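Undergrad: Below is the file upload38.txt, with compact mmCIF, C-alpha atoms.
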# COMPACT_ATOMS: atom_id res chain seq x y z
CA MET V 1 -52.46 -35.39 -54.27
CA ASP V 2 -53.95 -34.63 -57.71
CA SER V 3 -51.66 -33.55 -60.51
CA TYR V 4 -52.83 -30.74 -62.75
CA LEU V 5 -52.15 -30.24 -66.44
CA ILE V 6 -52.79 -27.06 -68.34
CA GLN V 7 -54.46 -27.54 -71.72
CA VAL V 8 -54.36 -24.62 -74.11
CA ASN V 9 -56.53 -24.58 -77.23
CA GLY V 10 -54.55 -23.03 -80.03
CA HIS V 11 -51.30 -23.39 -81.93
CA GLY V 12 -47.96 -21.65 -82.24
CA ASP V 13 -46.27 -19.03 -80.07
CA HIS V 14 -49.36 -16.85 -79.93
CA ALA V 15 -51.98 -19.36 -78.90
CA PRO V 16 -55.05 -17.68 -77.44
CA MET V 17 -55.13 -17.85 -73.64
CA ARG V 18 -58.86 -17.45 -73.07
CA ASP V 19 -59.62 -21.18 -73.35
CA VAL V 20 -57.55 -22.45 -70.43
CA HIS V 21 -58.70 -25.58 -68.63
CA LEU V 22 -57.27 -27.56 -65.77
CA LYS V 23 -57.40 -31.34 -66.01
CA SER V 24 -57.54 -33.39 -62.85
CA ALA V 25 -57.90 -37.17 -63.12
CA GLY V 26 -59.47 -36.78 -66.53
CA ASN V 27 -62.02 -34.16 -65.47
CA THR V 28 -61.99 -30.60 -66.73
CA VAL V 29 -62.07 -27.92 -64.05
CA SER V 30 -62.99 -24.35 -64.92
CA PRO V 31 -60.73 -21.55 -63.70
CA GLY V 32 -61.77 -20.29 -60.26
CA LYS V 33 -63.40 -23.61 -59.31
CA ILE V 34 -60.40 -25.49 -57.93
CA LYS V 35 -61.49 -27.60 -55.00
CA GLY V 36 -60.93 -26.00 -51.62
CA ARG V 37 -60.14 -22.52 -52.92
CA LYS V 38 -62.59 -19.68 -52.71
CA PRO V 39 -61.21 -16.66 -54.55
CA ARG V 40 -61.40 -13.43 -52.57
CA TRP V 41 -59.37 -10.30 -52.06
CA ALA V 42 -57.25 -10.44 -48.89
CA VAL V 43 -54.50 -7.86 -49.20
CA ARG V 44 -53.12 -6.78 -45.83
CA ALA V 45 -50.18 -4.70 -44.71
CA SER V 46 -47.27 -6.74 -43.38
CA GLU V 47 -46.58 -7.14 -39.68
CA MET V 48 -43.26 -5.34 -40.21
CA SER V 49 -45.03 -2.30 -41.64
CA LYS V 50 -47.48 -2.30 -38.74
CA LYS V 51 -44.61 -2.35 -36.23
CA THR V 52 -42.83 0.57 -37.94
CA PHE V 53 -43.39 3.74 -35.97
CA ASN V 54 -41.47 7.02 -36.11
CA PRO V 55 -42.18 9.03 -32.93
CA VAL V 56 -40.98 12.29 -34.48
CA ARG V 57 -43.42 12.01 -37.36
CA ALA V 58 -46.21 10.80 -35.08
CA ILE V 59 -45.81 13.77 -32.72
CA VAL V 60 -45.10 16.43 -35.33
CA ASP V 61 -47.90 15.30 -37.64
CA SER V 62 -50.36 15.43 -34.75
CA MET V 63 -49.40 19.03 -33.93
CA LYS V 64 -52.23 20.61 -35.87
CA VAL V 65 -51.29 24.20 -35.20
CA GLU V 66 -50.97 27.22 -37.47
CA PRO V 67 -48.08 29.68 -37.06
CA ASN V 68 -48.75 33.32 -36.25
CA PRO V 69 -49.56 34.89 -39.65
CA LYS V 70 -47.97 38.17 -38.52
CA LYS V 71 -44.56 36.57 -38.03
CA ALA V 72 -42.43 34.71 -40.54
CA MET V 73 -41.88 31.08 -39.61
CA ILE V 74 -38.49 30.16 -38.17
CA SER V 75 -37.94 26.41 -38.12
CA LEU V 76 -35.33 25.18 -35.66
CA SER V 77 -36.55 21.61 -35.94
CA LEU V 78 -34.97 19.89 -38.94
CA GLY V 79 -31.49 18.39 -38.69
CA ASP V 80 -30.65 19.22 -42.30
CA PRO V 81 -27.77 21.72 -42.58
CA THR V 82 -28.62 22.57 -46.20
CA VAL V 83 -32.09 24.05 -45.62
CA PHE V 84 -31.19 27.74 -45.44
CA GLY V 85 -28.24 27.76 -47.86
CA ASN V 86 -25.85 29.30 -45.34
CA LEU V 87 -23.80 26.09 -45.04
CA PRO V 88 -22.94 24.93 -48.57
CA THR V 89 -20.60 22.04 -49.18
CA ASN V 90 -17.11 22.70 -50.48
CA ASP V 91 -16.45 23.27 -54.19
CA GLU V 92 -14.03 20.33 -54.23
CA VAL V 93 -16.86 18.05 -53.12
CA THR V 94 -19.22 19.06 -55.92
CA ARG V 95 -16.39 19.10 -58.45
CA ALA V 96 -15.53 15.51 -57.60
CA VAL V 97 -19.07 14.37 -58.41
CA LYS V 98 -19.16 16.42 -61.63
CA GLU V 99 -15.95 14.78 -62.81
CA VAL V 100 -17.39 11.32 -62.21
CA LEU V 101 -20.63 12.24 -63.97
CA ASP V 102 -18.76 13.57 -67.00
CA SER V 103 -16.56 10.49 -67.15
CA GLY V 104 -19.53 8.17 -67.63
CA GLN V 105 -17.63 5.45 -65.78
CA CYS V 106 -19.96 5.02 -62.79
CA ASN V 107 -23.36 4.63 -64.40
CA GLY V 108 -23.71 0.90 -63.80
CA TYR V 109 -24.13 -1.39 -60.84
CA ALA V 110 -21.41 -1.60 -58.21
CA PRO V 111 -20.85 -4.52 -55.84
CA SER V 112 -23.47 -4.43 -53.09
CA VAL V 113 -20.82 -3.56 -50.48
CA GLY V 114 -19.37 -0.80 -52.68
CA TYR V 115 -16.54 -0.43 -55.17
CA GLN V 116 -13.31 -1.92 -53.86
CA SER V 117 -11.41 1.33 -54.53
CA CYS V 118 -13.99 3.30 -52.53
CA ARG V 119 -13.80 0.91 -49.60
CA GLU V 120 -10.01 1.28 -49.72
CA ALA V 121 -10.39 5.07 -49.66
CA VAL V 122 -12.65 5.03 -46.59
CA ALA V 123 -10.38 2.55 -44.82
CA ALA V 124 -7.35 4.75 -45.53
CA TYR V 125 -9.17 7.86 -44.30
CA TYR V 126 -10.10 6.35 -40.92
CA ASN V 127 -7.18 3.98 -40.44
CA CYS V 128 -4.96 4.64 -37.43
CA PRO V 129 -2.60 2.52 -35.30
CA GLU V 130 -5.13 2.38 -32.44
CA ALA V 131 -7.90 1.10 -34.75
CA PRO V 132 -6.46 -0.29 -38.00
CA LEU V 133 -8.77 -0.68 -40.99
CA GLU V 134 -8.56 -2.39 -44.36
CA ALA V 135 -10.97 -2.36 -47.29
CA GLN V 136 -12.56 -5.61 -46.13
CA ASP V 137 -13.55 -3.80 -42.90
CA VAL V 138 -15.72 -1.29 -44.80
CA ILE V 139 -19.30 -1.75 -46.03
CA LEU V 140 -20.68 1.18 -48.05
CA THR V 141 -24.36 1.95 -47.48
CA SER V 142 -27.13 4.24 -48.63
CA GLY V 143 -26.60 6.86 -45.95
CA CYS V 144 -25.82 6.38 -42.28
CA SER V 145 -29.41 5.36 -41.59
CA GLN V 146 -28.97 2.24 -43.73
CA ALA V 147 -25.66 1.57 -42.01
CA ILE V 148 -27.51 1.55 -38.67
CA GLU V 149 -30.24 -0.65 -40.11
CA LEU V 150 -27.76 -3.24 -41.42
CA ALA V 151 -25.77 -3.19 -38.18
CA LEU V 152 -28.91 -3.80 -36.13
CA ALA V 153 -30.12 -6.50 -38.52
CA VAL V 154 -26.85 -8.43 -38.34
CA LEU V 155 -26.45 -8.18 -34.54
CA ALA V 156 -29.98 -8.75 -33.23
CA ASN V 157 -32.74 -11.29 -33.73
CA PRO V 158 -36.47 -10.78 -33.09
CA GLY V 159 -37.06 -11.21 -29.37
CA GLN V 160 -33.66 -9.87 -28.37
CA ASN V 161 -33.12 -6.36 -27.01
CA ILE V 162 -30.80 -3.45 -27.69
CA LEU V 163 -29.70 -0.63 -25.36
CA VAL V 164 -30.56 2.84 -26.67
CA PRO V 165 -29.77 6.29 -25.22
CA ARG V 166 -32.50 8.47 -23.70
CA PRO V 167 -32.68 11.13 -25.03
CA GLY V 168 -31.68 9.62 -28.33
CA PHE V 169 -32.18 9.61 -32.09
CA SER V 170 -35.65 8.22 -32.76
CA LEU V 171 -34.59 6.06 -35.74
CA TYR V 172 -32.99 3.47 -33.46
CA LYS V 173 -36.36 2.60 -31.96
CA THR V 174 -38.16 2.84 -35.29
CA LEU V 175 -35.84 0.33 -36.92
CA ALA V 176 -35.64 -2.02 -33.95
CA LEU V 177 -39.37 -2.33 -33.37
CA SER V 178 -40.00 -2.97 -37.06
CA MET V 179 -37.61 -5.94 -36.78
CA GLY V 180 -39.25 -7.31 -33.63
CA ILE V 181 -36.32 -6.20 -31.45
CA GLU V 182 -37.06 -4.84 -27.98
CA VAL V 183 -35.65 -1.43 -27.02
CA LYS V 184 -34.30 -0.72 -23.55
CA LEU V 185 -33.61 2.95 -22.85
CA TYR V 186 -30.61 3.96 -20.75
CA ASN V 187 -30.44 7.44 -19.25
CA LEU V 188 -28.18 10.32 -20.18
CA LEU V 189 -27.54 12.91 -17.46
CA PRO V 190 -28.07 16.58 -18.39
CA GLU V 191 -26.33 17.75 -15.20
CA LYS V 192 -23.19 15.91 -16.39
CA ALA V 193 -23.26 17.29 -19.95
CA TRP V 194 -25.30 14.27 -21.06
CA GLU V 195 -22.88 11.58 -19.93
CA ILE V 196 -24.34 8.06 -19.66
CA ASP V 197 -25.74 6.89 -16.34
CA LEU V 198 -23.41 3.88 -16.33
CA GLU V 199 -25.06 2.16 -13.37
CA HIS V 200 -28.46 2.38 -15.05
CA LEU V 201 -26.98 1.20 -18.35
CA GLU V 202 -25.42 -1.90 -16.84
CA SER V 203 -28.58 -2.76 -14.91
CA LEU V 204 -30.46 -3.16 -18.20
CA VAL V 205 -28.21 -5.86 -19.64
CA ASP V 206 -29.62 -9.40 -19.68
CA GLU V 207 -29.08 -12.64 -21.58
CA LYS V 208 -31.11 -11.28 -24.52
CA THR V 209 -29.12 -8.06 -24.97
CA ALA V 210 -27.70 -8.02 -28.51
CA CYS V 211 -25.86 -4.69 -28.62
CA LEU V 212 -25.32 -1.28 -27.06
CA ILE V 213 -25.86 1.83 -29.19
CA VAL V 214 -23.48 4.69 -28.40
CA ASN V 215 -24.19 7.96 -30.22
CA ASN V 216 -21.23 10.32 -29.98
CA PRO V 217 -21.32 13.24 -30.75
CA SER V 218 -25.00 13.18 -29.88
CA ASN V 219 -28.23 13.94 -31.64
CA PRO V 220 -30.24 15.50 -29.96
CA CYS V 221 -27.88 16.62 -27.18
CA GLY V 222 -24.91 18.12 -28.99
CA SER V 223 -22.72 16.44 -26.37
CA VAL V 224 -19.26 14.94 -26.89
CA PHE V 225 -18.00 12.22 -24.55
CA SER V 226 -14.56 12.55 -23.00
CA LYS V 227 -11.91 9.88 -23.45
CA SER V 228 -12.31 8.76 -19.85
CA HIS V 229 -16.08 8.41 -20.17
CA LEU V 230 -15.75 6.39 -23.36
CA GLN V 231 -13.35 4.09 -21.52
CA GLU V 232 -15.97 3.65 -18.78
CA ILE V 233 -18.57 2.74 -21.40
CA LEU V 234 -16.19 0.21 -22.93
CA ALA V 235 -15.57 -1.29 -19.49
CA VAL V 236 -19.31 -1.97 -19.10
CA ALA V 237 -19.51 -3.51 -22.59
CA SER V 238 -16.45 -5.64 -21.87
CA ARG V 239 -17.76 -6.91 -18.52
CA GLN V 240 -21.11 -7.80 -20.04
CA CYS V 241 -19.72 -9.09 -23.38
CA VAL V 242 -22.03 -6.79 -25.36
CA PRO V 243 -20.88 -5.46 -28.77
CA ILE V 244 -21.23 -1.76 -29.57
CA LEU V 245 -23.01 -0.12 -32.46
CA ALA V 246 -21.36 3.32 -32.60
CA ASP V 247 -23.37 6.01 -34.39
CA GLU V 248 -20.59 8.45 -35.25
CA ILE V 249 -22.22 10.38 -38.09
CA TYR V 250 -21.20 13.61 -36.30
CA GLY V 251 -17.63 12.37 -35.78
CA ASP V 252 -15.12 15.25 -35.81
CA MET V 253 -17.97 17.80 -35.75
CA VAL V 254 -16.80 19.11 -32.38
CA PHE V 255 -16.00 22.61 -31.24
CA ALA V 256 -12.43 23.85 -30.81
CA ASP V 257 -12.41 23.50 -27.02
CA CYS V 258 -13.29 19.78 -27.23
CA LYS V 259 -11.67 16.63 -28.62
CA TYR V 260 -13.47 13.81 -30.40
CA GLU V 261 -12.30 10.25 -29.81
CA PRO V 262 -13.69 7.47 -32.05
CA ILE V 263 -14.66 4.81 -29.56
CA ALA V 264 -12.89 2.07 -31.53
CA THR V 265 -9.52 3.76 -30.95
CA LEU V 266 -9.94 3.11 -27.22
CA SER V 267 -11.18 -0.46 -27.38
CA THR V 268 -8.84 -3.38 -26.77
CA ASN V 269 -11.40 -6.17 -26.92
CA VAL V 270 -14.97 -4.91 -27.44
CA PRO V 271 -16.07 -5.48 -31.07
CA ILE V 272 -17.59 -2.38 -32.65
CA LEU V 273 -19.61 -1.56 -35.76
CA SER V 274 -19.06 2.16 -36.35
CA CYS V 275 -21.61 3.89 -38.60
CA GLY V 276 -20.85 7.14 -40.39
CA GLY V 277 -21.20 8.93 -43.70
CA LEU V 278 -20.91 12.12 -45.74
CA ALA V 279 -24.22 13.67 -44.64
CA LYS V 280 -23.24 16.01 -41.82
CA ARG V 281 -19.53 16.73 -41.90
CA TRP V 282 -19.58 17.27 -45.66
CA LEU V 283 -23.06 18.89 -45.58
CA VAL V 284 -24.64 16.64 -48.24
CA PRO V 285 -27.33 14.53 -46.49
CA GLY V 286 -29.26 14.02 -49.72
CA TRP V 287 -26.37 12.24 -51.40
CA ARG V 288 -27.05 9.13 -49.28
CA MET V 289 -23.53 7.89 -48.75
CA GLY V 290 -22.74 6.05 -45.54
CA TRP V 291 -20.54 3.25 -44.26
CA ILE V 292 -20.00 0.65 -41.58
CA LEU V 293 -16.49 0.26 -40.19
CA ILE V 294 -15.87 -3.16 -38.67
CA HIS V 295 -13.52 -3.06 -35.68
CA ASP V 296 -12.85 -6.58 -34.41
CA ARG V 297 -9.25 -7.00 -33.31
CA ARG V 298 -10.01 -10.04 -31.15
CA ASP V 299 -11.96 -11.74 -33.97
CA ILE V 300 -15.09 -11.90 -31.84
CA PHE V 301 -17.37 -11.05 -34.77
CA GLY V 302 -15.40 -13.45 -36.93
CA ASN V 303 -16.57 -14.30 -40.44
CA GLU V 304 -20.17 -14.71 -39.34
CA ILE V 305 -20.89 -11.00 -38.78
CA ARG V 306 -18.86 -9.97 -41.83
CA ASP V 307 -20.62 -12.48 -44.08
CA GLY V 308 -23.95 -11.45 -42.59
CA LEU V 309 -23.33 -7.81 -43.47
CA VAL V 310 -22.42 -8.76 -47.03
CA ARG V 311 -25.61 -10.81 -47.41
CA LEU V 312 -27.75 -8.04 -45.93
CA SER V 313 -26.17 -5.49 -48.26
CA GLN V 314 -27.33 -7.61 -51.19
CA ARG V 315 -30.97 -6.82 -50.42
CA ILE V 316 -30.38 -3.59 -52.35
CA LEU V 317 -27.63 -3.01 -54.87
CA GLY V 318 -25.53 -0.62 -52.84
CA PRO V 319 -25.39 3.18 -52.56
CA CYS V 320 -25.30 5.72 -55.40
CA THR V 321 -22.43 4.86 -57.76
CA LEU V 322 -21.84 8.49 -58.77
CA VAL V 323 -21.09 9.47 -55.18
CA GLN V 324 -19.06 6.29 -54.72
CA GLY V 325 -16.94 7.22 -57.68
CA ALA V 326 -16.29 10.65 -56.17
CA LEU V 327 -15.66 9.39 -52.66
CA GLU V 328 -11.88 9.07 -52.79
CA ARG V 329 -11.53 12.58 -54.19
CA ILE V 330 -13.98 13.99 -51.61
CA LEU V 331 -12.04 12.46 -48.73
CA ARG V 332 -8.66 13.44 -50.15
CA ARG V 333 -9.34 16.88 -51.63
CA THR V 334 -11.69 18.58 -49.17
CA PRO V 335 -9.55 21.34 -47.63
CA PRO V 336 -9.20 21.48 -43.82
CA GLU V 337 -10.40 25.09 -43.75
CA PHE V 338 -13.83 23.91 -44.96
CA TYR V 339 -14.30 21.83 -41.82
CA HIS V 340 -12.89 24.63 -39.68
CA ASN V 341 -15.23 27.26 -41.14
CA THR V 342 -18.30 25.05 -40.68
CA LEU V 343 -17.45 24.39 -37.05
CA SER V 344 -16.75 28.08 -36.42
CA ILE V 345 -20.24 28.95 -37.60
CA LEU V 346 -21.84 26.21 -35.52
CA LYS V 347 -19.84 27.17 -32.42
CA SER V 348 -20.78 30.84 -32.81
CA ASN V 349 -24.46 29.95 -33.20
CA ALA V 350 -24.31 27.58 -30.23
CA ASP V 351 -22.75 30.26 -28.02
CA LEU V 352 -25.30 32.88 -29.09
CA CYS V 353 -28.21 30.52 -28.54
CA TYR V 354 -26.94 29.25 -25.20
CA ALA V 355 -26.31 32.76 -23.86
CA ALA V 356 -29.69 34.07 -25.00
CA LEU V 357 -31.72 31.14 -23.67
CA SER V 358 -29.79 31.03 -20.38
CA ALA V 359 -31.04 34.54 -19.64
CA ILE V 360 -34.72 33.54 -19.97
CA PRO V 361 -36.48 32.66 -16.70
CA GLY V 362 -37.94 29.17 -16.82
CA LEU V 363 -35.47 27.74 -19.37
CA GLN V 364 -32.26 25.81 -18.68
CA PRO V 365 -30.22 25.11 -21.83
CA VAL V 366 -27.41 22.55 -21.69
CA ARG V 367 -24.27 23.84 -23.39
CA PRO V 368 -23.37 21.71 -26.45
CA SER V 369 -19.85 20.70 -27.45
CA GLY V 370 -20.47 19.60 -31.03
CA ALA V 371 -22.90 18.28 -33.66
CA MET V 372 -25.73 20.65 -34.64
CA TYR V 373 -28.06 20.73 -31.65
CA LEU V 374 -28.80 22.18 -28.26
CA MET V 375 -31.23 20.82 -25.67
CA VAL V 376 -33.24 23.12 -23.42
CA GLU V 377 -35.05 22.16 -20.22
CA ILE V 378 -38.45 23.72 -19.61
CA GLU V 379 -39.09 24.33 -15.91
CA MET V 380 -42.69 23.22 -16.29
CA GLU V 381 -43.65 24.31 -12.78
CA HIS V 382 -43.20 27.90 -14.00
CA PHE V 383 -45.44 27.33 -17.04
CA PRO V 384 -48.44 25.69 -15.36
CA GLU V 385 -50.84 26.39 -18.22
CA PHE V 386 -48.96 23.86 -20.35
CA GLU V 387 -49.31 20.14 -19.66
CA ASN V 388 -46.00 19.17 -21.26
CA ASP V 389 -43.28 20.03 -23.77
CA VAL V 390 -45.53 19.21 -26.72
CA GLU V 391 -48.11 21.82 -25.65
CA PHE V 392 -45.32 24.32 -24.91
CA THR V 393 -43.82 23.97 -28.38
CA GLU V 394 -47.24 24.01 -30.06
CA ARG V 395 -48.05 27.36 -28.47
CA LEU V 396 -44.60 28.64 -29.36
CA ILE V 397 -45.50 27.99 -33.00
CA SER V 398 -48.96 29.50 -32.86
CA GLU V 399 -47.87 32.64 -30.99
CA GLN V 400 -44.32 33.26 -32.18
CA SER V 401 -43.93 31.14 -35.36
CA VAL V 402 -40.86 29.40 -33.94
CA PHE V 403 -40.74 25.63 -34.36
CA CYS V 404 -38.56 23.59 -32.00
CA LEU V 405 -38.94 19.84 -31.60
CA PRO V 406 -40.43 18.76 -28.27
CA ALA V 407 -38.00 16.31 -26.67
CA THR V 408 -40.82 13.83 -26.18
CA CYS V 409 -39.75 12.91 -29.73
CA PHE V 410 -36.51 11.68 -28.15
CA GLU V 411 -38.15 9.95 -25.16
CA TYR V 412 -37.22 12.89 -22.90
CA PRO V 413 -40.21 15.04 -21.92
CA ASN V 414 -40.08 18.64 -20.70
CA PHE V 415 -37.14 19.60 -22.91
CA PHE V 416 -37.00 20.87 -26.48
CA ARG V 417 -34.28 20.65 -29.13
CA VAL V 418 -32.89 23.60 -31.07
CA VAL V 419 -31.07 23.14 -34.40
CA ILE V 420 -28.15 25.58 -34.61
CA THR V 421 -27.43 25.41 -38.36
CA VAL V 422 -29.67 28.36 -39.24
CA PRO V 423 -28.21 31.79 -40.13
CA GLU V 424 -27.09 33.90 -37.17
CA GLU V 425 -29.78 36.55 -37.62
CA MET V 426 -32.46 33.85 -37.48
CA ILE V 427 -30.95 32.39 -34.30
CA LEU V 428 -31.07 35.82 -32.67
CA GLU V 429 -34.63 36.52 -33.86
CA ALA V 430 -35.83 33.09 -32.72
CA CYS V 431 -34.29 33.53 -29.27
CA SER V 432 -35.88 36.96 -28.96
CA ARG V 433 -39.29 35.49 -29.77
CA ILE V 434 -38.76 32.59 -27.34
CA GLN V 435 -37.95 35.15 -24.66
CA GLU V 436 -41.12 37.11 -25.43
CA PHE V 437 -43.14 33.89 -25.29
CA CYS V 438 -41.67 32.81 -21.95
CA GLU V 439 -42.13 36.25 -20.38
CA MET V 440 -45.77 36.10 -21.43
CA HIS V 441 -46.42 32.72 -19.81
CA TYR V 442 -43.89 32.50 -16.99
CA GLN V 443 -45.29 32.24 -13.48
CA GLY V 444 -43.18 32.67 -10.36
CA ALA V 445 -43.61 30.24 -7.50
CA GLU V 446 -46.61 32.10 -6.04
CA GLY V 447 -48.27 32.73 -9.39
CA ALA V 448 -47.92 29.12 -10.43
CA GLN V 449 -49.42 27.95 -7.13
CA ASP V 450 -52.39 30.33 -7.52
CA LEU V 451 -53.02 29.08 -11.06
CA GLU V 452 -52.96 25.46 -9.88
CA CYS V 453 -55.52 26.29 -7.20
CA ASP V 454 -57.81 27.85 -9.82
CA LYS V 455 -57.83 24.66 -11.92
Rewrite the coordinates I just gave you, this time as structure tokens.

TA:
Amino acid sequence: MDSYLIQVNGHGDHAPMRDVHLKSAGNTVSPGKIKGRKPRWAVRASEMSKKTFNPVRAIVDSMKVEPNPKKAMISLSLGDPTVFGNLPTNDEVTRAVKEVLDSGQCNGYAPSVGYQSCREAVAAYYNCPEAPLEAQDVILTSGCSQAIELALAVLANPGQNILVPRPGFSLYKTLALSMGIEVKLYNLLPEKAWEIDLEHLESLVDEKTACLIVNNPSNPCGSVFSKSHLQEILAVASRQCVPILADEIYGDMVFADCKYEPIATLSTNVPILSCGGLAKRWLVPGWRMGWILIHDRRDIFGNEIRDGLVRLSQRILGPCTLVQGALERILRRTPPEFYHNTLSILKSNADLCYAALSAIPGLQPVRPSGAMYLMVEIEMEHFPEFENDVEFTERLISEQSVFCLPATCFEYPNFFRVVITVPEEMILEACSRIQEFCEMHYQGAEGAQDLECDK
């Protein structure tokens, strides 16, 4: 193999670079004429970028429809509780960040896994006898979405598969496919308040299954699993020796008539990576503060998973240091009445929305128990002019200026999702318009049959 020397004509630190020659075996080679190399532009997007696909964006961006100009737009589609200003965070939360900003003590880099004091604060907040936590069990992340990404990346290799709920949050599939991980969808049952079809779930497990994702409370369903159902899920995971990735970003966001159980508090042997953050319960999604809680009482993950999470966290330099610095005060100072008031508003909106939509022929809402959402079944046989939920929701926009996400976004056609964080008067107005829309297009059994015959 030839060795190459670079000869530069010129002297000193600022030698001109225009006269650069490559010497090979005593012969001078001009730039761009190296043997075997033909210079050309060949810039291509990576395979990872090509595999990255967000079904929500793909469906919503393709809905080229204009709202009714005579009616103000009401968007019930975005899971951001801050949009309308009716659900502000608590003053103690913002004050904590202001104090850190004024102190000037958190303007530099933090360890990639987060400040030790902040990890201690999160561990103390979630620690309980049933699921003990220490600082070393906490990895701070840039929002819950990065927590899910790191958890998937440490548990699964390309070519393996993960078990994902249907309907379920679209990001699981987006992240997995970009990493070359196969997604297997297990069914949730609307007639059982969105409990998991456990038989179907277990039938999907094979030798390549890397983890089971359990989202509780649920986006998009607004469901909350009972203690007994969580124990049944753990029994499947235990039998099949499959670890759990628990998306618990809506943890404790449950209505007064329901109880939330972190799945790790019920596990005796199944190792769990629980993902959470400030976004929803503290109503600050833009602050991008999340965490992974490592529950591994039988030492099944061992050092390998812990070390893997640390290494993966080093790909970026951790979450926002200002919010980290405020984290202990946010967790310690936020008054209980703040959580109570938020949940009271969400429960009231959920009850209003459920009652109003239940009275509309052709719609079957499923009563939520927490989170910020409600799922509604469209009895498509009574709306024969629409092919599917996407067409239904498109026409709802164009005729009534009400935007709900078609549940095809969540792999569950012929439903749509309603976000219940909007002000009460908007919920009532939106439901009134949905009723008007359905009355306009609803066909009874005979009418629907006649319309089918005309096609």

Undergrad: Determine the nearest neighbour of V:Leu230 from the options V:Glu261, V:Glu134, V:Glu424, V:Asp197, counting only C-alpha atoms.

TA: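 Counting only C-alpha atoms, the residue closest to V:Leu230 is V:Glu261.
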
Undergrad: If we count all atoms listed in the file and set the cut-off at 9 Å, which residues sit around stretch 340-346 of chain V, ignoring sequence neighbours fewer than 5 positions away in its own chain? Please answer as a PyMOL selection string.

TA: chain V and resi 87+253-256+281+351+370-372+420-424

Undergrad: Got a sec: who's within 6 Å of stretch 359-368 of chain V, counting all atoms listed in the file, leaving out chain neighbours fewer than 5 positions off, as a list of chain:residue names?

TA: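 The residues satisfying every condition are V:Gly222, V:Ser223, V:Leu374, V:Met375, V:Val376, V:Glu377, V:Ile378, V:Glu379, V:Gln435.
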
Undergrad: Which distance in Å separates atom CA of V:Thr174 and atom CA of V:Ile59, to one decimal?

TA: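 Rounded to one decimal, the two atoms are 13.6 Å apart.
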
Undergrad: Neighbouring residues of V:Tyr412 were defined as those with any atom within 9 Å, considering all atoms listed in the file; residues of the same chain fewer than 4 positions away were excluded. Please report them as a list of chain:residue names.

TA: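 With the cut-off at 9 Å, the set is V:Arg166, V:Pro167, V:Gly168, V:Pro406, V:Ala407, V:Thr408, V:Phe416.
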
Undergrad: Create the file for the chosen residues now, containing C-alpha atoms and written as a PDB file, in the frame of the given file.

TA:
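Contents of result24.pdb, as written:
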ATOM      1  CA  ARG V 166     -32.500   8.470 -23.700  1.00  0.00           C
ATOM      2  CA  PRO V 167     -32.680  11.130 -25.030  1.00  0.00           C
ATOM      3  CA  GLY V 168     -31.680   9.620 -28.330  1.00  0.00           C
ATOM      4  CA  PRO V 406     -40.430  18.760 -28.270  1.00  0.00           C
ATOM      5  CA  ALA V 407     -38.000  16.310 -26.670  1.00  0.00           C
ATOM      6  CA  THR V 408     -40.820  13.830 -26.180  1.00  0.00           C
ATOM      7  CA  PHE V 416     -37.000  20.870 -26.480  1.00  0.00           C
TER       8      PHE V 416
END

Undergrad: Find the residues of stretch 120-229 of chain V that sit at most 9 Å from stretch 111-115 of chain V; for each, write down the nearest two atoms and how far apart they are in Å, to one decimal. Count all atoms listed in the file. Sort by chain, then by number going up, and give it as JSON lines.

TA:
{"residue": "V:Glu120", "atom": "CA", "partner": "V:Tyr115", "partner_atom": "CA", "distance": 8.7}
{"residue": "V:Val138", "atom": "CA", "partner": "V:Val113", "partner_atom": "CA", "distance": 8.0}
{"residue": "V:Ile139", "atom": "CA", "partner": "V:Val113", "partner_atom": "CA", "distance": 5.0}
{"residue": "V:Leu140", "atom": "CA", "partner": "V:Gly114", "partner_atom": "CA", "distance": 5.2}
{"residue": "V:Thr141", "atom": "CA", "partner": "V:Val113", "partner_atom": "CA", "distance": 7.2}

Undergrad: Could you please determine the separation between atom CA of V:Gln314 and atom CA of V:Pro271 in Å, to one decimal place?

TA: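 Going from atom CA of V:Gln314 over to atom CA of V:Pro271 covers 23.2 Å.
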
Undergrad: Ranking V:Asn388, V:Thr334, V:Asn127, V:Asn86 by minimum distance to V:Glu425 and counting only C-alpha atoms, which one comes first?

TA: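 Ranked by minimum distance to V:Glu425, first place goes to V:Asn86.
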
Undergrad: Just the number, please: distance in Å from atom CA of V:Asp247 to atom CA of V:Phe84, one decimal.

TA: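 Separation between atom CA of V:Asp247 and atom CA of V:Phe84: 25.6 Å.
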